$ cat start.cif   # mmCIF, C-alpha atoms
data_upload
#
loop_
_atom_site.group_PDB
_atom_site.id
_atom_site.type_symbol
_atom_site.label_atom_id
_atom_site.label_comp_id
_atom_site.auth_asym_id
_atom_site.auth_seq_id
_atom_site.Cartn_x
_atom_site.Cartn_y
_atom_site.Cartn_z
ATOM 1 C CA MET A 1 -35.021 0.732 25.438
ATOM 2 C CA ASP A 2 -31.407 0.948 24.253
ATOM 3 C CA ILE A 3 -29.947 -2.364 23.272
ATOM 4 C CA GLN A 4 -26.263 -2.687 23.924
ATOM 5 C CA LYS A 5 -24.366 -4.882 21.516
ATOM 6 C CA LYS A 6 -21.024 -6.354 22.402
ATOM 7 C CA PHE A 7 -18.435 -8.151 20.347
ATOM 8 C CA TYR A 8 -15.708 -10.373 21.706
ATOM 9 C CA LEU A 9 -12.217 -9.093 20.879
ATOM 10 C CA CYS A 10 -9.617 -10.985 22.909
ATOM 11 C CA GLU A 11 -8.428 -11.998 26.365
ATOM 12 C CA THR A 12 -6.611 -9.362 28.417
ATOM 13 C CA ALA A 13 -3.543 -11.624 28.596
ATOM 14 C CA ASN A 14 -3.381 -11.758 24.778
ATOM 15 C CA LEU A 15 -3.085 -8.003 24.692
ATOM 16 C CA VAL A 16 -0.125 -7.932 27.067
ATOM 17 C CA SER A 17 1.791 -10.526 25.049
ATOM 18 C CA SER A 18 0.858 -9.279 21.571
ATOM 19 C CA LYS A 19 1.217 -5.503 22.204
ATOM 20 C CA TYR A 20 -1.703 -4.966 19.814
ATOM 21 C CA ILE A 21 -4.369 -6.958 17.990
ATOM 22 C CA ASN A 22 -6.179 -6.100 14.764
ATOM 23 C CA LYS A 23 -9.598 -7.673 14.291
ATOM 24 C CA TRP A 24 -12.256 -7.422 11.598
ATOM 25 C CA ILE A 25 -15.790 -7.062 13.041
ATOM 26 C CA GLU A 26 -18.214 -8.085 10.343
ATOM 27 C CA GLU A 27 -21.279 -6.726 12.179
ATOM 28 C CA LEU A 28 -19.700 -3.248 12.298
ATOM 29 C CA LYS A 29 -18.108 -3.511 8.867
ATOM 30 C CA ASP A 30 -14.961 -2.124 10.424
ATOM 31 C CA GLU A 31 -11.560 -3.352 11.489
ATOM 32 C CA VAL A 32 -10.353 -2.359 14.941
ATOM 33 C CA ILE A 33 -7.041 -2.199 16.747
ATOM 34 C CA ILE A 34 -6.864 -3.033 20.453
ATOM 35 C CA PHE A 35 -3.769 -2.044 22.417
ATOM 36 C CA LEU A 36 -2.537 -0.850 25.801
ATOM 37 C CA GLY A 37 -1.950 2.898 25.695
ATOM 38 C CA ASN A 38 0.567 5.046 27.559
ATOM 39 C CA ASN A 39 -1.059 4.495 30.961
ATOM 40 C CA LYS A 40 -1.680 0.802 30.324
ATOM 41 C CA GLU A 41 -5.271 1.682 29.584
ATOM 42 C CA ILE A 42 -7.037 -0.348 26.892
ATOM 43 C CA LYS A 43 -7.653 1.604 23.690
ATOM 44 C CA ILE A 44 -9.824 0.539 20.763
ATOM 45 C CA PHE A 45 -9.895 2.479 17.491
ATOM 46 C CA SER A 46 -10.844 1.769 13.911
ATOM 47 C CA SER A 47 -7.714 0.482 12.152
ATOM 48 C CA ILE A 48 -8.653 1.545 8.630
ATOM 49 C CA CYS A 49 -6.510 4.533 7.686
ATOM 50 C CA PRO A 50 -8.678 7.394 6.337
ATOM 51 C CA HIS A 51 -6.026 8.118 3.697
ATOM 52 C CA PHE A 52 -6.326 5.102 1.357
ATOM 53 C CA GLY A 53 -7.578 2.361 3.680
ATOM 54 C CA GLY A 54 -4.306 0.869 4.893
ATOM 55 C CA GLU A 55 -3.931 -1.147 8.088
ATOM 56 C CA ILE A 56 -3.128 0.790 11.258
ATOM 57 C CA ILE A 57 -0.680 -0.881 13.627
ATOM 58 C CA TYR A 58 0.712 0.152 17.033
ATOM 59 C CA ASP A 59 4.383 0.946 17.520
ATOM 60 C CA TYR A 60 4.600 0.354 21.272
ATOM 61 C CA LYS A 61 8.196 1.598 21.504
ATOM 62 C CA MET A 62 7.282 4.976 20.040
ATOM 63 C CA GLN A 63 3.756 4.778 21.492
ATOM 64 C CA VAL A 64 2.230 5.853 18.230
ATOM 65 C CA LEU A 65 -0.197 4.341 15.737
ATOM 66 C CA LYS A 66 0.968 4.137 12.136
ATOM 67 C CA CYS A 67 -0.314 3.054 8.744
ATOM 68 C CA LYS A 68 1.437 0.110 7.115
ATOM 69 C CA TRP A 69 0.982 1.549 3.622
ATOM 70 C CA HIS A 70 2.180 5.156 3.824
ATOM 71 C CA ASP A 71 3.518 5.499 7.379
ATOM 72 C CA TRP A 72 0.946 8.098 8.398
ATOM 73 C CA ARG A 73 1.071 8.548 12.191
ATOM 74 C CA PHE A 74 -1.835 8.828 14.647
ATOM 75 C CA CYS A 75 -1.833 9.754 18.329
ATOM 76 C CA SER A 76 -2.294 6.647 20.476
ATOM 77 C CA GLU A 77 -4.331 8.631 23.024
ATOM 78 C CA SER A 78 -6.593 10.866 20.937
ATOM 79 C CA ALA A 79 -6.470 8.983 17.572
ATOM 80 C CA ALA A 80 -5.789 12.320 15.837
ATOM 81 C CA CYS A 81 -3.708 12.242 12.665
ATOM 82 C CA LEU A 82 -0.215 13.556 13.475
ATOM 83 C CA THR A 83 1.114 13.470 9.914
ATOM 84 C CA PHE A 84 -1.629 15.640 8.412
ATOM 85 C CA PRO A 85 -3.720 17.179 11.229
ATOM 86 C CA LYS A 86 -6.599 18.138 8.907
ATOM 87 C CA ILE A 87 -7.378 14.456 8.350
ATOM 88 C CA SER A 88 -10.187 13.040 10.484
ATOM 89 C CA LYS A 89 -9.445 11.061 13.655
ATOM 90 C CA LEU A 90 -9.711 7.292 13.810
ATOM 91 C CA LYS A 91 -13.079 6.225 15.180
ATOM 92 C CA LYS A 92 -12.927 5.408 18.893
ATOM 93 C CA TYR A 93 -14.807 2.439 20.413
ATOM 94 C CA THR A 94 -15.800 1.681 23.980
ATOM 95 C CA TYR A 95 -15.302 -1.654 25.714
ATOM 96 C CA THR A 96 -16.130 -3.772 28.699
ATOM 97 C CA ILE A 97 -14.176 -6.534 30.428
ATOM 98 C CA GLU A 98 -15.894 -9.676 31.668
ATOM 99 C CA ASN A 99 -13.978 -12.644 33.070
ATOM 100 C CA LYS A 100 -10.722 -11.318 31.608
ATOM 101 C CA LYS A 101 -12.321 -11.115 28.177
ATOM 102 C CA ILE A 102 -12.443 -7.804 26.319
ATOM 103 C CA TYR A 103 -15.643 -6.927 24.472
ATOM 104 C CA LEU A 104 -16.216 -3.964 22.172
ATOM 105 C CA THR A 105 -19.493 -2.309 23.105
ATOM 106 C CA ILE A 106 -21.968 -0.322 21.031
ATOM 107 C CA GLU A 107 -24.941 1.465 22.514
ATOM 108 C CA MET B 1 18.912 -10.214 -30.718
ATOM 109 C CA ASP B 2 21.435 -11.544 -28.218
ATOM 110 C CA HIS B 3 21.769 -8.326 -26.283
ATOM 111 C CA LEU B 4 18.028 -8.150 -25.557
ATOM 112 C CA LEU B 5 16.891 -9.871 -22.382
ATOM 113 C CA GLU B 6 13.144 -10.478 -22.165
ATOM 114 C CA VAL B 7 11.198 -11.915 -19.231
ATOM 115 C CA ASN B 8 7.425 -12.344 -19.244
ATOM 116 C CA ILE B 9 5.360 -13.080 -16.133
ATOM 117 C CA ILE B 10 1.563 -13.460 -16.000
ATOM 118 C CA LYS B 11 -0.430 -13.414 -12.762
ATOM 119 C CA LYS B 12 -4.023 -13.107 -11.668
ATOM 120 C CA ILE B 13 -5.310 -11.192 -8.666
ATOM 121 C CA LYS B 14 -8.718 -10.897 -7.020
ATOM 122 C CA CYS B 15 -9.194 -7.163 -7.499
ATOM 123 C CA SER B 16 -10.457 -4.781 -10.152
ATOM 124 C CA LYS B 17 -8.236 -3.371 -12.900
ATOM 125 C CA ALA B 18 -8.547 0.098 -11.316
ATOM 126 C CA VAL B 19 -7.128 -1.186 -8.022
ATOM 127 C CA ALA B 20 -4.308 -3.064 -9.754
ATOM 128 C CA PHE B 21 -3.301 0.081 -11.689
ATOM 129 C CA TRP B 22 -3.736 2.234 -8.559
ATOM 130 C CA ASN B 23 -1.032 0.149 -6.913
ATOM 131 C CA TYR B 24 1.422 1.026 -9.699
ATOM 132 C CA TRP B 25 0.581 4.742 -9.506
ATOM 133 C CA ASP B 26 0.557 4.993 -5.697
ATOM 134 C CA HIS B 27 4.192 6.054 -5.373
ATOM 135 C CA GLU B 28 3.950 6.949 -1.691
ATOM 136 C CA HIS B 29 3.856 3.309 -0.586
ATOM 137 C CA LEU B 30 7.110 2.312 -2.263
ATOM 138 C CA ASP B 31 9.619 2.815 0.570
ATOM 139 C CA VAL B 32 7.118 1.800 3.264
ATOM 140 C CA VAL B 33 5.671 -1.430 1.839
ATOM 141 C CA HIS B 34 8.700 -2.572 -0.170
ATOM 142 C CA SER B 35 11.963 -3.335 1.593
ATOM 143 C CA GLY B 36 13.713 -3.043 -1.797
ATOM 144 C CA TYR B 37 13.106 0.716 -1.993
ATOM 145 C CA LYS B 38 15.196 3.154 0.050
ATOM 146 C CA LYS B 39 13.817 6.396 -1.371
ATOM 147 C CA SER B 40 11.636 7.575 -4.199
ATOM 148 C CA ASP B 41 11.496 11.176 -5.419
ATOM 149 C CA ILE B 42 8.900 12.444 -7.872
ATOM 150 C CA MET B 43 10.388 14.997 -10.226
ATOM 151 C CA TYR B 44 7.261 15.607 -12.299
ATOM 152 C CA ASP B 45 3.887 13.986 -12.914
ATOM 153 C CA ASP B 46 0.704 14.719 -14.789
ATOM 154 C CA ASP B 47 -2.514 12.981 -15.807
ATOM 155 C CA ASN B 48 -0.853 10.048 -17.611
ATOM 156 C CA PHE B 49 2.888 10.194 -16.931
ATOM 157 C CA LEU B 50 5.539 10.591 -14.280
ATOM 158 C CA PHE B 51 9.279 10.996 -13.922
ATOM 159 C CA ARG B 52 10.751 9.624 -10.715
ATOM 160 C CA ILE B 53 14.191 8.852 -9.260
ATOM 161 C CA ASP B 54 14.358 5.781 -7.023
ATOM 162 C CA ARG B 55 17.052 4.359 -4.839
ATOM 163 C CA VAL B 56 16.564 0.591 -4.836
ATOM 164 C CA ARG B 57 18.279 -2.262 -3.060
ATOM 165 C CA ILE B 58 19.320 -5.085 -5.351
ATOM 166 C CA PRO B 59 17.851 -8.519 -4.512
ATOM 167 C CA ILE B 60 20.486 -10.977 -3.173
ATOM 168 C CA PHE B 61 22.978 -8.052 -2.716
ATOM 169 C CA SER B 62 20.630 -5.932 -0.605
ATOM 170 C CA PHE B 63 23.544 -3.943 0.879
ATOM 171 C CA ILE B 64 23.983 -2.333 -2.560
ATOM 172 C CA ALA B 65 21.548 0.460 -3.484
ATOM 173 C CA ILE B 66 21.398 1.837 -7.018
ATOM 174 C CA LYS B 67 19.891 5.100 -8.252
ATOM 175 C CA THR B 68 17.324 4.552 -11.004
ATOM 176 C CA PRO B 69 15.577 7.193 -13.118
ATOM 177 C CA ILE B 70 12.080 6.012 -14.062
ATOM 178 C CA PHE B 71 9.611 7.316 -16.613
ATOM 179 C CA MET B 72 6.082 5.864 -16.369
ATOM 180 C CA VAL B 73 3.265 6.424 -18.829
ATOM 181 C CA GLN B 74 -0.310 5.180 -18.860
ATOM 182 C CA HIS B 75 -0.373 4.441 -22.582
ATOM 183 C CA ASP B 76 -4.049 3.456 -22.717
ATOM 184 C CA GLU B 77 -6.667 2.147 -20.295
ATOM 185 C CA ASN B 78 -5.057 -1.310 -20.229
ATOM 186 C CA THR B 79 -1.371 -0.585 -20.741
ATOM 187 C CA LEU B 80 1.351 0.976 -18.631
ATOM 188 C CA PHE B 81 4.934 1.462 -19.830
ATOM 189 C CA THR B 82 7.916 2.026 -17.563
ATOM 190 C CA PHE B 83 11.284 3.082 -18.971
ATOM 191 C CA ALA B 84 14.312 3.021 -16.701
ATOM 192 C CA ILE B 85 18.085 2.759 -16.579
ATOM 193 C CA GLN B 86 19.348 0.057 -14.238
ATOM 194 C CA PHE B 87 22.961 -1.170 -13.960
ATOM 195 C CA GLY B 88 23.676 1.153 -16.897
ATOM 196 C CA CYS B 89 21.165 -0.708 -19.090
ATOM 197 C CA GLU B 90 17.997 0.740 -20.590
ATOM 198 C CA SER B 91 14.882 -1.217 -19.679
ATOM 199 C CA LYS B 92 11.259 -1.183 -20.707
ATOM 200 C CA THR B 93 8.498 -2.762 -18.641
ATOM 201 C CA THR B 94 5.081 -3.249 -20.173
ATOM 202 C CA ILE B 95 2.178 -3.922 -17.848
ATOM 203 C CA LYS B 96 -0.979 -5.097 -19.589
ATOM 204 C CA MET B 97 -4.148 -5.683 -17.632
ATOM 205 C CA LYS B 98 -7.218 -7.638 -18.563
ATOM 206 C CA GLU B 99 -10.218 -7.399 -16.258
ATOM 207 C CA VAL B 100 -11.602 -10.929 -16.186
ATOM 208 C CA ASP B 101 -14.471 -9.649 -14.051
ATOM 209 C CA LYS B 102 -15.014 -6.811 -11.571
ATOM 210 C CA ASN B 103 -13.105 -8.719 -8.925
ATOM 211 C CA LEU B 104 -10.455 -10.500 -10.967
ATOM 212 C CA THR B 105 -7.667 -9.062 -13.110
ATOM 213 C CA GLU B 106 -4.991 -10.752 -15.182
ATOM 214 C CA ILE B 107 -1.694 -8.871 -15.207
ATOM 215 C CA ASN B 108 0.898 -9.472 -17.897
ATOM 216 C CA MET B 109 4.294 -8.107 -16.878
ATOM 217 C CA ASN B 110 6.884 -7.955 -19.642
ATOM 218 C CA TYR B 111 10.458 -6.860 -18.882
ATOM 219 C CA LYS B 112 13.022 -5.979 -21.560
ATOM 220 C CA PHE B 113 16.651 -5.026 -20.895
ATOM 221 C CA ASN B 114 19.088 -3.771 -23.534
ATOM 222 C CA LEU B 115 22.424 -5.387 -22.626
ATOM 223 C CA GLU B 116 24.915 -3.731 -24.940
ATOM 224 C CA GLY B 117 28.637 -4.543 -25.072
ATOM 225 C CA TRP B 118 30.145 -6.260 -22.047
ATOM 226 C CA ARG B 119 26.803 -6.102 -20.227
ATOM 227 C CA ILE B 120 25.712 -9.197 -22.142
ATOM 228 C CA VAL B 121 27.541 -11.221 -19.451
ATOM 229 C CA MET B 122 24.879 -10.070 -16.977
ATOM 230 C CA LYS B 123 22.098 -11.795 -18.957
ATOM 231 C CA PRO B 124 21.722 -15.020 -16.926
ATOM 232 C CA PHE B 125 22.175 -13.111 -13.665
ATOM 233 C CA LEU B 126 19.593 -10.460 -14.588
ATOM 234 C CA ARG B 127 17.081 -13.088 -15.721
ATOM 235 C CA VAL B 128 17.159 -14.618 -12.230
ATOM 236 C CA LEU B 129 17.192 -11.195 -10.569
ATOM 237 C CA ILE B 130 14.115 -9.949 -12.453
ATOM 238 C CA LYS B 131 12.090 -13.022 -11.472
ATOM 239 C CA LYS B 132 13.172 -12.692 -7.833
ATOM 240 C CA TRP B 133 12.389 -8.968 -7.779
ATOM 241 C CA ASN B 134 8.993 -9.524 -9.392
ATOM 242 C CA GLU B 135 8.002 -12.241 -6.911
ATOM 243 C CA LYS B 136 9.153 -10.226 -3.902
ATOM 244 C CA VAL B 137 7.329 -7.064 -4.954
ATOM 245 C CA TRP B 138 4.236 -9.071 -5.932
ATOM 246 C CA LEU B 139 4.009 -10.693 -2.484
ATOM 247 C CA GLU B 140 4.514 -7.364 -0.712
ATOM 248 C CA ASP B 141 1.809 -5.671 -2.813
ATOM 249 C CA LEU B 142 -0.704 -8.534 -2.698
ATOM 250 C CA PRO B 143 -2.330 -7.715 0.690
ATOM 251 C CA VAL B 144 -2.389 -4.009 -0.241
ATOM 252 C CA LYS B 145 -4.409 -4.617 -3.412
ATOM 253 C CA LEU B 146 -6.805 -7.093 -1.766
ATOM 254 C CA ARG B 147 -7.496 -4.713 1.129
ATOM 255 C CA ARG B 148 -7.874 -1.698 -1.165
ATOM 256 C CA GLN B 149 -10.467 -3.660 -3.175
ATOM 257 C CA LYS B 150 -12.302 -4.556 0.060
ATOM 258 C CA VAL B 151 -12.492 -0.989 1.414
ATOM 259 C CA LEU B 152 -13.598 0.448 -1.937
ATOM 260 C CA GLU B 153 -16.383 -2.143 -2.070
ATOM 261 C CA MET B 154 -17.455 -0.665 1.306
ATOM 262 C CA ASN B 155 -17.679 2.823 -0.240
ATOM 263 C CA PHE B 156 -14.395 4.033 1.243
ATOM 264 C CA LYS B 157 -13.566 7.625 0.243
ATOM 265 C CA ASP B 158 -9.912 8.611 0.015
ATOM 266 C CA PHE B 159 -8.816 11.076 2.746
ATOM 267 C CA ASN B 160 -12.185 10.544 4.508
ATOM 268 C CA GLY B 161 -12.496 6.859 5.300
ATOM 269 C CA LEU B 162 -15.561 4.643 5.509
ATOM 270 C CA PRO B 163 -19.089 6.111 5.473
ATOM 271 C CA ASP B 164 -20.494 6.920 8.933
ATOM 272 C CA GLN B 165 -23.653 4.883 8.384
ATOM 273 C CA LEU B 166 -23.233 1.118 8.536
ATOM 274 C CA SER B 167 -25.875 0.652 5.851
ATOM 275 C CA ASP B 168 -23.720 2.658 3.409
ATOM 276 C CA ARG B 169 -20.742 0.330 3.791
ATOM 277 C CA GLU B 170 -21.672 -1.985 0.942
ATOM 278 C CA ASN B 171 -22.211 -2.153 -2.810
ATOM 279 C CA GLY B 172 -19.396 0.294 -3.521
ATOM 280 C CA VAL B 173 -18.787 0.951 -7.208
ATOM 281 C CA ILE B 174 -15.086 1.076 -8.006
ATOM 282 C CA LYS B 175 -14.436 4.041 -10.276
ATOM 283 C CA ASP B 176 -11.837 4.208 -13.034
ATOM 284 C CA LEU B 177 -8.449 5.413 -11.859
ATOM 285 C CA LYS B 178 -7.853 9.145 -12.193
ATOM 286 C CA LEU B 179 -4.221 10.252 -12.450
ATOM 287 C CA PRO B 180 -2.235 11.571 -10.815
ATOM 288 C CA ILE B 181 -3.280 10.054 -7.505
ATOM 289 C CA THR B 182 -3.773 12.925 -5.038
ATOM 290 C CA ARG B 183 -0.830 13.495 -2.699
ATOM 291 C CA PRO B 184 -0.767 15.794 0.306
ATOM 292 C CA LEU B 185 1.172 19.035 -0.249
ATOM 293 C CA GLU B 186 3.936 17.919 2.102
ATOM 294 C CA SER B 187 4.214 14.425 0.663
ATOM 295 C CA SER B 188 7.547 12.702 1.231
ATOM 296 C CA ARG B 189 7.704 12.066 -2.534
ATOM 297 C CA ASP B 190 8.036 15.790 -3.174
ATOM 298 C CA ARG B 191 10.696 16.464 -0.554
ATOM 299 C CA HIS B 192 13.857 16.556 -2.664
ATOM 300 C CA ILE B 193 16.536 18.997 -3.708
ATOM 301 C CA PHE B 194 14.655 20.307 -6.767
ATOM 302 C CA ASN B 195 11.646 21.286 -4.642
ATOM 303 C CA GLU B 196 13.535 23.230 -1.996
#
$ encode --input "start.cif" --output "structure tokens"
Amino acid sequence: MDIQKKFYLCETANLVSSKYINKWIEELKDEVIIFLGNNKEIKIFSSICPHFGGEIIYDYKMQVLKCKWHDWRFCSESAACLTFPKISKLKKYTYTIENKKIYLTIE
Amino acid sequence: MDHLLEVNIIKKIKCSKAVAFWNYWDHEHLDVVHSGYKKSDIMYDDDNFLFRIDRVRIPIFSFIAIKTPIFMVQHDENTLFTFAIQFGCESKTTIKMKEVDKNLTEINMNYKFNLEGWRIVMKPFLRVLIKKWNEKVWLEDLPVKLRRQKVLEMNFKDFNGLPDQLSDRENGVIKDLKLPITRPLESSRDRHIFNE
């Protein structure tokens, strides 16, 4: 039987006011970014840049993800690296919403 | 010597010596992480030296940007020298690192400016400016170094990211720094008139 694990991230209202949230998930040994994408759909990706490990943030005006260390850009829909396309995508996570709370889910 | 201005600052940081030196040799972060840098062009670099031209904003008078040629050399495994010309004065910065343990490094930053002729009047002003510049840059770099240490301890591989397996994301051994730090072919540091 598959066991689904879920990790609390934030309330949906937090996401609207903050534009994006970065959160370290110890159990996954990864840091994730949660934001509302182009179609107001919730997106969750790893926020550790594959270049040197910098923090990925979301520029909601330009609707693009970018690294705080070297300004590498990533597509906010596909998580593909726009600056150097040969670089691997940011890992994508799934989620569920329960009582206006967003949980990252792992199957 | 009256015309020599010397400022010495010692700090400790919770990261390895390799990470602390990496921060000095990672030139691509300069104009992204530091508000004091407008542009930074690498003219030439090799396995222990570099020649770079920076455009930096002066602390306090941040509307003024000056062009600064910089020569950096990794003199030995613990010592980095930087020679520059700023405000028309030659300067030498010596960075000495002592690894207290694998997760703690003491950094001794020594700044020397040669203030010849009328430039001697800048001595008190420059003394304040150097301390302000050092503190500003230190605070901007601090989270970078701490995070870099953390990801390397999780076996992060440059240009690849974290290992796929969760069980591999621990006990990372931080290797000695190898220069020059790899830059992509189209790096912004190499986009200048002499590379066209």
$ resolve_selection --input "start.cif" --expression "the PyMOL selection byres ((chain B) within 7 of (chain A))" --output "list of chain:residue names"
B:Glu28, B:His29, B:Val32, B:Val33, B:Arg148, B:Val151, B:Asp158, B:Phe159, B:Asn160, B:Gly161, B:Leu166, B:Arg169
$ resolve_selection --input "start.cif" --expression "the PyMOL selection byres ((chain A and resi 23) around 9)" --output "list in words"
Leu9, Ile21, Asn22, Trp24, Ile25, Asp30, Glu31, Val32, Ile33, Ile34 and Ser47 of chain A
$ resolve_selection --input "start.cif" --expression "the PyMOL selection byres ((chain B and resi 179-184) around 7)" --output "short mmCIF file (atom, residue, chain, number, x, y, z; two decimals) with C-alpha atoms, in the frame of the given file"
data_model
loop_
_atom_site.label_atom_id
_atom_site.label_comp_id
_atom_site.auth_asym_id
_atom_site.auth_seq_id
_atom_site.Cartn_x
_atom_site.Cartn_y
_atom_site.Cartn_z
CA TRP B 25 0.58 4.74 -9.51
CA ASP B 26 0.56 4.99 -5.70
CA ASP B 45 3.89 13.99 -12.91
CA ASP B 46 0.70 14.72 -14.79
CA ASP B 47 -2.51 12.98 -15.81
CA ASN B 48 -0.85 10.05 -17.61
CA LEU B 177 -8.45 5.41 -11.86
CA LYS B 178 -7.85 9.14 -12.19
CA LEU B 185 1.17 19.04 -0.25
CA GLU B 186 3.94 17.92 2.10
CA SER B 187 4.21 14.42 0.66
#
$ residues_around --input "start.cif" --residues "Arg189 in chain B" --least-positions-apart "2" --cutoff "8 Å" --atoms "all atoms listed in the file" --output "list in words"
His27, Glu28, Ser40, Asp41, Ile42, Ser187, Arg191 and His192 of chain B
$ write_last_selection --input "start.cif" --atoms "C-alpha atoms" --output "PDB file, in the coordinates of the input"
ATOM      1  CA  HIS B  27       4.192   6.054  -5.373  1.00  0.00           C
ATOM      2  CA  GLU B  28       3.950   6.949  -1.691  1.00  0.00           C
ATOM      3  CA  SER B  40      11.636   7.575  -4.199  1.00  0.00           C
ATOM      4  CA  ASP B  41      11.496  11.176  -5.419  1.00  0.00           C
ATOM      5  CA  ILE B  42       8.900  12.444  -7.872  1.00  0.00           C
ATOM      6  CA  SER B 187       4.214  14.425   0.663  1.00  0.00           C
ATOM      7  CA  ARG B 191      10.696  16.464  -0.554  1.00  0.00           C
ATOM      8  CA  HIS B 192      13.857  16.556  -2.664  1.00  0.00           C
TER       9      HIS B 192
END
$ atom_distance --input "start.cif" --atom1 "CA of Trp133 in chain B" --atom2 "CA of Leu30 in chain B"
13.6 Å
$ atom_distance --input "start.cif" --atom1 "CA of Lys96 in chain B" --atom2 "CA of Arg52 in chain B"
20.8 Å
$ atom_distance --input "start.cif" --atom1 "CA of Glu196 in chain B" --atom2 "CA of Phe71 in chain B"
22.0 Å
$ build_atoms --input "start.cif" --residues "range 42-53 of chain A" --atoms "N, CA, C and O atoms" --output "PDB file, keeping the file's coordinate frame"
ATOM      1  N   ILE A  42      -6.651   0.272  28.158  1.00  0.00           N
ATOM      2  CA  ILE A  42      -7.037  -0.348  26.892  1.00  0.00           C
ATOM      3  C   ILE A  42      -7.625   0.704  25.953  1.00  0.00           C
ATOM      4  O   ILE A  42      -8.449   1.522  26.368  1.00  0.00           O
ATOM      5  N   LYS A  43      -7.145   0.675  24.709  1.00  0.00           N
ATOM      6  CA  LYS A  43      -7.653   1.604  23.690  1.00  0.00           C
ATOM      7  C   LYS A  43      -8.165   0.775  22.512  1.00  0.00           C
ATOM      8  O   LYS A  43      -7.531  -0.216  22.129  1.00  0.00           O
ATOM      9  N   ILE A  44      -9.282   1.210  21.957  1.00  0.00           N
ATOM     10  CA  ILE A  44      -9.824   0.539  20.763  1.00  0.00           C
ATOM     11  C   ILE A  44     -10.223   1.597  19.752  1.00  0.00           C
ATOM     12  O   ILE A  44     -11.068   2.459  20.024  1.00  0.00           O
ATOM     13  N   PHE A  45      -9.590   1.550  18.577  1.00  0.00           N
ATOM     14  CA  PHE A  45      -9.895   2.479  17.491  1.00  0.00           C
ATOM     15  C   PHE A  45     -10.139   1.694  16.207  1.00  0.00           C
ATOM     16  O   PHE A  45      -9.711   0.542  16.087  1.00  0.00           O
ATOM     17  N   SER A  46     -10.780   2.352  15.250  1.00  0.00           N
ATOM     18  CA  SER A  46     -10.844   1.769  13.911  1.00  0.00           C
ATOM     19  C   SER A  46      -9.423   1.687  13.387  1.00  0.00           C
ATOM     20  O   SER A  46      -8.611   2.587  13.618  1.00  0.00           O
ATOM     21  N   SER A  47      -9.082   0.606  12.675  1.00  0.00           N
ATOM     22  CA  SER A  47      -7.714   0.482  12.152  1.00  0.00           C
ATOM     23  C   SER A  47      -7.685   0.566  10.631  1.00  0.00           C
ATOM     24  O   SER A  47      -6.816  -0.001   9.982  1.00  0.00           O
ATOM     25  N   ILE A  48      -8.661   1.287  10.079  1.00  0.00           N
ATOM     26  CA  ILE A  48      -8.653   1.545   8.630  1.00  0.00           C
ATOM     27  C   ILE A  48      -8.229   2.996   8.430  1.00  0.00           C
ATOM     28  O   ILE A  48      -8.941   3.928   8.827  1.00  0.00           O
ATOM     29  N   CYS A  49      -7.055   3.184   7.845  1.00  0.00           N
ATOM     30  CA  CYS A  49      -6.510   4.533   7.686  1.00  0.00           C
ATOM     31  C   CYS A  49      -7.410   5.356   6.757  1.00  0.00           C
ATOM     32  O   CYS A  49      -7.752   4.896   5.656  1.00  0.00           O
ATOM     33  N   PRO A  50      -7.789   6.580   7.178  1.00  0.00           N
ATOM     34  CA  PRO A  50      -8.678   7.394   6.337  1.00  0.00           C
ATOM     35  C   PRO A  50      -8.024   7.880   5.039  1.00  0.00           C
ATOM     36  O   PRO A  50      -8.706   8.378   4.150  1.00  0.00           O
ATOM     37  N   HIS A  51      -6.727   7.692   4.915  1.00  0.00           N
ATOM     38  CA  HIS A  51      -6.026   8.118   3.697  1.00  0.00           C
ATOM     39  C   HIS A  51      -6.456   7.256   2.506  1.00  0.00           C
ATOM     40  O   HIS A  51      -7.248   7.681   1.685  1.00  0.00           O
ATOM     41  N   PHE A  52      -5.971   6.005   2.459  1.00  0.00           N
ATOM     42  CA  PHE A  52      -6.326   5.102   1.357  1.00  0.00           C
ATOM     43  C   PHE A  52      -6.863   3.757   1.839  1.00  0.00           C
ATOM     44  O   PHE A  52      -7.110   2.876   1.030  1.00  0.00           O
ATOM     45  N   GLY A  53      -6.997   3.598   3.167  1.00  0.00           N
ATOM     46  CA  GLY A  53      -7.578   2.361   3.680  1.00  0.00           C
ATOM     47  C   GLY A  53      -6.573   1.361   4.213  1.00  0.00           C
ATOM     48  O   GLY A  53      -6.924   0.200   4.450  1.00  0.00           O
TER      49      GLY A  53
END
